[in-house]
>>> print(open('input_39.txt').read())   # compact mmCIF, all heavy atoms
# COMPACT_ATOMS: atom_id res chain seq x y z
N LEU A 134 75.28 99.52 158.82
CA LEU A 134 75.25 98.90 157.50
C LEU A 134 75.18 99.96 156.40
O LEU A 134 75.89 99.88 155.41
CB LEU A 134 74.07 97.94 157.41
CG LEU A 134 73.96 97.12 156.16
CD1 LEU A 134 75.13 96.16 156.04
CD2 LEU A 134 72.66 96.37 156.14
N ALA A 135 74.33 100.95 156.60
CA ALA A 135 74.18 101.99 155.59
C ALA A 135 75.43 102.85 155.44
O ALA A 135 75.60 103.53 154.43
CB ALA A 135 72.98 102.87 155.90
N ALA A 136 76.31 102.82 156.44
CA ALA A 136 77.54 103.61 156.38
C ALA A 136 78.57 102.99 155.42
O ALA A 136 79.51 103.67 155.01
CB ALA A 136 78.14 103.75 157.76
N ARG A 137 78.38 101.72 155.07
CA ARG A 137 79.31 101.07 154.14
C ARG A 137 79.12 101.66 152.74
O ARG A 137 78.01 102.05 152.36
CB ARG A 137 79.05 99.58 154.08
CG ARG A 137 79.36 98.87 155.36
CD ARG A 137 79.09 97.39 155.22
NE ARG A 137 79.30 96.71 156.48
CZ ARG A 137 78.97 95.45 156.71
NH1 ARG A 137 78.42 94.73 155.75
NH2 ARG A 137 79.19 94.91 157.87
N PRO A 138 80.18 101.70 151.96
CA PRO A 138 80.05 102.20 150.58
C PRO A 138 79.03 101.36 149.79
O PRO A 138 78.93 100.14 149.97
CB PRO A 138 81.45 102.04 150.01
CG PRO A 138 82.35 101.97 151.19
CD PRO A 138 81.55 101.34 152.28
N GLU A 139 78.30 102.02 148.91
CA GLU A 139 77.25 101.34 148.14
C GLU A 139 77.80 100.15 147.36
O GLU A 139 77.18 99.08 147.34
CB GLU A 139 76.57 102.31 147.19
CG GLU A 139 75.47 101.64 146.39
CD GLU A 139 74.77 102.58 145.43
OE1 GLU A 139 75.12 103.77 145.38
OE2 GLU A 139 73.88 102.10 144.72
N ALA A 140 78.93 100.30 146.74
CA ALA A 140 79.50 99.21 145.94
C ALA A 140 79.76 97.98 146.82
O ALA A 140 79.50 96.85 146.42
CB ALA A 140 80.79 99.65 145.26
N GLN A 141 80.25 98.20 148.02
CA GLN A 141 80.50 97.09 148.94
C GLN A 141 79.19 96.43 149.35
O GLN A 141 79.08 95.21 149.37
CB GLN A 141 81.26 97.58 150.17
CG GLN A 141 81.55 96.47 151.16
CD GLN A 141 82.14 97.00 152.47
OE1 GLN A 141 82.04 98.18 152.78
NE2 GLN A 141 82.75 96.12 153.21
N ARG A 142 78.18 97.23 149.69
CA ARG A 142 76.88 96.67 150.08
C ARG A 142 76.30 95.82 148.95
O ARG A 142 75.79 94.73 149.18
CB ARG A 142 75.90 97.79 150.42
CG ARG A 142 76.20 98.51 151.70
CD ARG A 142 75.04 99.39 152.16
NE ARG A 142 74.39 100.15 151.12
CZ ARG A 142 74.64 101.43 150.84
NH1 ARG A 142 75.54 102.09 151.53
NH2 ARG A 142 73.97 102.05 149.90
N ARG A 143 76.39 96.33 147.73
CA ARG A 143 75.85 95.60 146.58
C ARG A 143 76.61 94.29 146.36
O ARG A 143 76.00 93.25 146.08
CB ARG A 143 75.90 96.45 145.32
CG ARG A 143 74.88 97.55 145.32
CD ARG A 143 75.01 98.39 144.04
NE ARG A 143 73.98 99.38 143.96
CZ ARG A 143 72.78 99.19 143.42
NH1 ARG A 143 72.48 98.03 142.88
NH2 ARG A 143 71.90 100.16 143.39
N ARG A 144 77.93 94.34 146.47
CA ARG A 144 78.76 93.14 146.27
C ARG A 144 78.42 92.07 147.30
O ARG A 144 78.23 90.90 146.97
CB ARG A 144 80.23 93.53 146.32
CG ARG A 144 81.18 92.46 145.89
CD ARG A 144 82.63 92.94 145.79
NE ARG A 144 83.11 93.65 146.98
CZ ARG A 144 83.30 94.97 147.08
NH1 ARG A 144 83.06 95.76 146.03
NH2 ARG A 144 83.73 95.52 148.18
N VAL A 145 78.30 92.48 148.56
CA VAL A 145 77.99 91.54 149.63
C VAL A 145 76.57 90.98 149.46
O VAL A 145 76.34 89.78 149.63
CB VAL A 145 78.16 92.22 151.01
CG1 VAL A 145 77.63 91.34 152.13
CG2 VAL A 145 79.63 92.54 151.25
N ALA A 146 75.62 91.84 149.10
CA ALA A 146 74.25 91.39 148.90
C ALA A 146 74.16 90.39 147.75
O ALA A 146 73.46 89.37 147.84
CB ALA A 146 73.33 92.58 148.65
N ARG A 147 74.86 90.68 146.66
CA ARG A 147 74.85 89.78 145.50
C ARG A 147 75.44 88.42 145.87
O ARG A 147 74.91 87.38 145.52
CB ARG A 147 75.63 90.41 144.34
CG ARG A 147 75.94 89.49 143.18
CD ARG A 147 74.73 89.06 142.42
NE ARG A 147 74.10 90.22 141.81
CZ ARG A 147 73.00 90.14 141.09
NH1 ARG A 147 72.43 88.99 140.86
NH2 ARG A 147 72.46 91.22 140.59
N ALA A 148 76.57 88.44 146.58
CA ALA A 148 77.21 87.19 146.98
C ALA A 148 76.27 86.36 147.86
O ALA A 148 76.17 85.14 147.69
CB ALA A 148 78.52 87.47 147.71
N ARG A 149 75.57 87.01 148.77
CA ARG A 149 74.64 86.30 149.64
C ARG A 149 73.48 85.73 148.83
O ARG A 149 73.08 84.58 149.01
CB ARG A 149 74.13 87.23 150.73
CG ARG A 149 73.16 86.61 151.69
CD ARG A 149 73.82 85.59 152.58
NE ARG A 149 72.87 85.15 153.58
CZ ARG A 149 72.77 83.90 153.99
NH1 ARG A 149 73.60 82.99 153.53
NH2 ARG A 149 71.89 83.55 154.86
N ALA A 150 72.92 86.52 147.93
CA ALA A 150 71.78 86.07 147.13
C ALA A 150 72.15 84.89 146.25
O ALA A 150 71.32 83.99 146.03
CB ALA A 150 71.26 87.22 146.27
N GLU A 151 73.38 84.86 145.77
CA GLU A 151 73.80 83.77 144.88
C GLU A 151 73.97 82.45 145.61
O GLU A 151 74.13 81.41 144.98
CB GLU A 151 75.08 84.16 144.15
CG GLU A 151 74.83 85.22 143.09
CD GLU A 151 76.08 85.70 142.40
OE1 GLU A 151 77.19 85.31 142.80
OE2 GLU A 151 75.94 86.47 141.43
N GLU A 152 73.88 82.45 146.93
CA GLU A 152 73.94 81.21 147.69
C GLU A 152 72.64 80.41 147.58
O GLU A 152 72.59 79.24 147.94
CB GLU A 152 74.22 81.50 149.17
CG GLU A 152 75.59 82.07 149.42
CD GLU A 152 75.83 82.38 150.88
OE1 GLU A 152 75.11 81.84 151.75
OE2 GLU A 152 76.75 83.16 151.17
N PHE A 153 71.60 81.04 147.07
CA PHE A 153 70.29 80.41 147.00
C PHE A 153 69.84 80.31 145.55
O PHE A 153 69.81 81.30 144.84
CB PHE A 153 69.26 81.23 147.79
CG PHE A 153 69.67 81.43 149.22
CD1 PHE A 153 70.33 82.58 149.61
CD2 PHE A 153 69.42 80.46 150.16
CE1 PHE A 153 70.72 82.77 150.92
CE2 PHE A 153 69.80 80.62 151.47
CZ PHE A 153 70.47 81.78 151.86
N GLY A 154 69.47 79.12 145.13
CA GLY A 154 68.98 78.92 143.77
C GLY A 154 67.50 79.23 143.67
O GLY A 154 66.82 79.54 144.66
N TRP A 155 66.98 79.15 142.45
CA TRP A 155 65.56 79.43 142.23
C TRP A 155 64.64 78.52 143.02
O TRP A 155 63.65 78.99 143.57
CB TRP A 155 65.23 79.35 140.74
CG TRP A 155 65.58 80.62 140.03
CD1 TRP A 155 66.59 80.81 139.15
CD2 TRP A 155 64.94 81.89 140.18
NE1 TRP A 155 66.62 82.13 138.74
CE2 TRP A 155 65.62 82.82 139.35
CE3 TRP A 155 63.87 82.34 140.93
CZ2 TRP A 155 65.24 84.14 139.26
CZ3 TRP A 155 63.50 83.68 140.84
CH2 TRP A 155 64.17 84.55 140.01
N PRO A 156 64.91 77.21 143.11
CA PRO A 156 63.99 76.37 143.88
C PRO A 156 63.85 76.83 145.34
O PRO A 156 62.73 76.88 145.87
CB PRO A 156 64.61 74.98 143.80
CG PRO A 156 65.38 75.01 142.51
CD PRO A 156 65.93 76.41 142.42
N ALA A 157 64.95 77.18 145.98
CA ALA A 157 64.89 77.65 147.36
C ALA A 157 64.16 78.99 147.45
O ALA A 157 63.37 79.23 148.37
CB ALA A 157 66.29 77.78 147.94
N ALA A 158 64.42 79.89 146.50
CA ALA A 158 63.78 81.20 146.50
C ALA A 158 62.27 81.06 146.33
O ALA A 158 61.49 81.69 147.04
CB ALA A 158 64.37 82.07 145.40
N VAL A 159 61.85 80.24 145.39
CA VAL A 159 60.42 80.06 145.13
C VAL A 159 59.75 79.38 146.32
O VAL A 159 58.67 79.80 146.76
CB VAL A 159 60.19 79.24 143.84
CG1 VAL A 159 58.73 78.86 143.69
CG2 VAL A 159 60.67 80.05 142.64
N ALA A 160 60.38 78.37 146.88
CA ALA A 160 59.81 77.68 148.05
C ALA A 160 59.65 78.66 149.22
O ALA A 160 58.62 78.66 149.89
CB ALA A 160 60.69 76.50 148.46
N GLY A 161 60.65 79.49 149.44
CA GLY A 161 60.56 80.49 150.51
C GLY A 161 59.46 81.50 150.25
O GLY A 161 58.71 81.85 151.15
N PHE A 162 59.35 81.97 149.02
CA PHE A 162 58.30 82.91 148.65
C PHE A 162 56.93 82.31 148.91
O PHE A 162 56.06 82.94 149.52
CB PHE A 162 58.45 83.29 147.18
CG PHE A 162 57.38 84.22 146.68
CD1 PHE A 162 57.52 85.59 146.80
CD2 PHE A 162 56.23 83.73 146.09
CE1 PHE A 162 56.54 86.45 146.35
CE2 PHE A 162 55.25 84.58 145.63
CZ PHE A 162 55.40 85.94 145.76
N LEU A 163 56.72 81.08 148.46
CA LEU A 163 55.44 80.43 148.65
C LEU A 163 55.13 80.21 150.12
O LEU A 163 54.00 80.40 150.59
CB LEU A 163 55.40 79.10 147.89
CG LEU A 163 55.44 79.22 146.37
CD1 LEU A 163 55.55 77.85 145.73
CD2 LEU A 163 54.23 79.97 145.84
N ARG A 164 56.15 79.82 150.88
CA ARG A 164 55.98 79.58 152.32
C ARG A 164 55.58 80.87 153.03
O ARG A 164 54.64 80.89 153.83
CB ARG A 164 57.26 79.00 152.90
CG ARG A 164 57.14 78.52 154.32
CD ARG A 164 58.39 77.77 154.81
NE ARG A 164 59.64 78.46 154.53
CZ ARG A 164 60.50 78.11 153.56
NH1 ARG A 164 60.26 77.08 152.77
NH2 ARG A 164 61.61 78.78 153.37
N VAL A 165 56.25 81.97 152.73
CA VAL A 165 55.96 83.25 153.37
C VAL A 165 54.53 83.70 153.07
O VAL A 165 53.86 84.30 153.91
CB VAL A 165 56.97 84.32 152.90
CG1 VAL A 165 56.53 85.72 153.25
CG2 VAL A 165 58.33 84.04 153.51
N HIS A 166 54.06 83.39 151.87
CA HIS A 166 52.72 83.82 151.47
C HIS A 166 51.66 82.76 151.69
O HIS A 166 50.53 82.90 151.21
CB HIS A 166 52.75 84.26 150.00
CG HIS A 166 53.59 85.48 149.80
ND1 HIS A 166 53.17 86.74 150.13
CD2 HIS A 166 54.86 85.63 149.35
CE1 HIS A 166 54.12 87.62 149.86
NE2 HIS A 166 55.16 86.96 149.40
N ASP A 167 52.01 81.71 152.43
CA ASP A 167 51.07 80.61 152.71
C ASP A 167 50.41 80.08 151.44
O ASP A 167 49.23 79.76 151.42
CB ASP A 167 49.99 81.06 153.70
CG ASP A 167 50.55 81.31 155.09
OD1 ASP A 167 51.49 80.58 155.49
OD2 ASP A 167 50.07 82.23 155.78
N ALA A 168 51.16 80.02 150.37
CA ALA A 168 50.64 79.52 149.10
C ALA A 168 51.01 78.04 148.97
O ALA A 168 52.06 77.61 149.45
CB ALA A 168 51.24 80.30 147.94
N PRO A 169 50.16 77.27 148.35
CA PRO A 169 50.50 75.85 148.17
C PRO A 169 51.69 75.70 147.23
O PRO A 169 51.81 76.42 146.24
CB PRO A 169 49.24 75.25 147.55
CG PRO A 169 48.51 76.41 146.96
CD PRO A 169 48.89 77.63 147.76
N ALA A 170 52.55 74.78 147.55
CA ALA A 170 53.71 74.51 146.70
C ALA A 170 53.26 73.73 145.48
O ALA A 170 52.34 72.92 145.55
CB ALA A 170 54.76 73.72 147.47
N GLY A 171 53.90 73.98 144.37
CA GLY A 171 53.58 73.25 143.15
C GLY A 171 54.10 71.83 143.22
O GLY A 171 54.74 71.42 144.18
N ARG A 172 53.85 71.09 142.20
CA ARG A 172 54.26 69.69 142.17
C ARG A 172 55.49 69.48 141.33
O ARG A 172 55.73 68.39 140.86
CB ARG A 172 53.12 68.84 141.65
CG ARG A 172 51.93 68.86 142.55
CD ARG A 172 50.92 67.91 142.03
NE ARG A 172 50.25 67.29 143.15
CZ ARG A 172 49.27 66.46 143.06
NH1 ARG A 172 48.85 66.10 141.86
NH2 ARG A 172 48.70 65.96 144.12
N GLY A 173 56.25 70.51 141.07
CA GLY A 173 57.45 70.37 140.26
C GLY A 173 57.41 71.30 139.06
O GLY A 173 56.42 71.94 138.79
N THR A 174 58.51 71.32 138.36
CA THR A 174 58.59 72.14 137.16
C THR A 174 57.79 71.46 136.05
O THR A 174 57.50 70.27 136.13
CB THR A 174 60.05 72.30 136.71
OG1 THR A 174 60.53 71.02 136.33
CG2 THR A 174 60.92 72.89 137.80
N PRO A 175 57.45 72.19 135.00
CA PRO A 175 56.74 71.55 133.89
C PRO A 175 57.51 70.35 133.34
O PRO A 175 56.91 69.34 133.00
CB PRO A 175 56.63 72.66 132.86
CG PRO A 175 56.61 73.92 133.67
CD PRO A 175 57.54 73.64 134.83
N ALA A 176 58.82 70.43 133.28
CA ALA A 176 59.61 69.31 132.79
C ALA A 176 59.48 68.10 133.71
O ALA A 176 59.38 66.96 133.26
CB ALA A 176 61.08 69.71 132.63
N GLU A 177 59.48 68.34 135.03
CA GLU A 177 59.33 67.24 135.98
C GLU A 177 57.95 66.61 135.87
O GLU A 177 57.81 65.39 135.92
CB GLU A 177 59.57 67.74 137.41
CG GLU A 177 61.00 68.12 137.69
CD GLU A 177 61.17 68.82 139.01
OE1 GLU A 177 60.22 69.44 139.52
OE2 GLU A 177 62.30 68.76 139.52
N VAL A 178 56.94 67.43 135.69
CA VAL A 178 55.58 66.91 135.54
C VAL A 178 55.49 66.07 134.27
O VAL A 178 54.92 64.98 134.28
CB VAL A 178 54.54 68.06 135.51
CG1 VAL A 178 53.17 67.54 135.15
CG2 VAL A 178 54.53 68.76 136.86
N ASP A 179 56.07 66.55 133.16
CA ASP A 179 56.06 65.79 131.90
C ASP A 179 56.70 64.43 132.09
O ASP A 179 56.20 63.43 131.57
CB ASP A 179 56.78 66.56 130.79
CG ASP A 179 56.00 67.77 130.32
OD1 ASP A 179 54.79 67.87 130.65
OD2 ASP A 179 56.58 68.62 129.65
N ARG A 180 57.81 64.36 132.81
CA ARG A 180 58.49 63.07 133.02
C ARG A 180 57.65 62.12 133.83
O ARG A 180 57.64 60.94 133.59
CB ARG A 180 59.84 63.30 133.71
CG ARG A 180 60.95 63.61 132.74
CD ARG A 180 62.28 63.66 133.43
NE ARG A 180 62.58 65.08 133.58
CZ ARG A 180 63.00 65.66 134.67
NH1 ARG A 180 63.28 64.97 135.72
NH2 ARG A 180 63.22 66.95 134.71
N ARG A 181 56.90 62.64 134.81
CA ARG A 181 56.09 61.77 135.65
C ARG A 181 54.87 61.23 134.91
O ARG A 181 54.38 60.16 135.21
CB ARG A 181 55.63 62.53 136.89
CG ARG A 181 56.73 62.74 137.90
CD ARG A 181 56.16 63.14 139.23
NE ARG A 181 55.38 64.35 139.16
CZ ARG A 181 55.77 65.55 139.57
NH1 ARG A 181 56.94 65.70 140.10
NH2 ARG A 181 54.98 66.58 139.47
N THR A 182 54.37 62.00 133.94
CA THR A 182 53.14 61.58 133.25
C THR A 182 53.43 60.89 131.93
O THR A 182 52.52 60.44 131.25
CB THR A 182 52.22 62.79 133.00
OG1 THR A 182 52.93 63.76 132.23
CG2 THR A 182 51.77 63.39 134.31
N ALA A 183 54.70 60.83 131.54
CA ALA A 183 55.05 60.23 130.26
C ALA A 183 55.01 58.72 130.33
O ALA A 183 55.09 58.10 131.31
CB ALA A 183 56.44 60.69 129.83
>>> encode(input="input_39.txt", output="structure tokens")
Amino acid sequence: LAARPEAQRRRVARARAEEFGWPAAVAGFLRVHDAPAGRGTPAEVDRRTA
């Protein structure tokens, strides 16, 4: 992998990372760190309590 040109590695890494949105990234981060998941974004919470 390291033998590939840097520009190619970066392009491939970026393309892979863009397959995942923020909700998936945050959920994965919280899961890895055994942290409790939140109850939604502030906007979602506002809608539920309105």
>>> atom_distance(input="input_39.txt", atom1="CA of Ala148 in chain A", atom2="CA of Ala135 in chain A")
17.4 Å
>>> atom_distance(input="input_39.txt", atom1="atom C of Gly161 in chain A", atom2="CD of Arg143 in chain A")
23.8 Å
>>> axis_aligned_box(input="input_39.txt", around="range 164-169 of chain A", padding_each_side="6 Å", output="JSON")
{"center_x": 55.1, "center_y": 81.4, "center_z": 151.0, "size_x": 25.1, "size_y": 24.4, "size_z": 21.5}
>>> residues_around(input="input_39.txt", residues="Ala160 in chain A", least_positions_apart="4", cutoff="8 Å", atoms="only C-alpha atoms", output="VMD selection string")
chain A and resid 156 164 170
>>> atom_distance(input="input_39.txt", atom1="CA of Trp155 in chain A", atom2="atom N of Asp167 in chain A")
17.1 Å
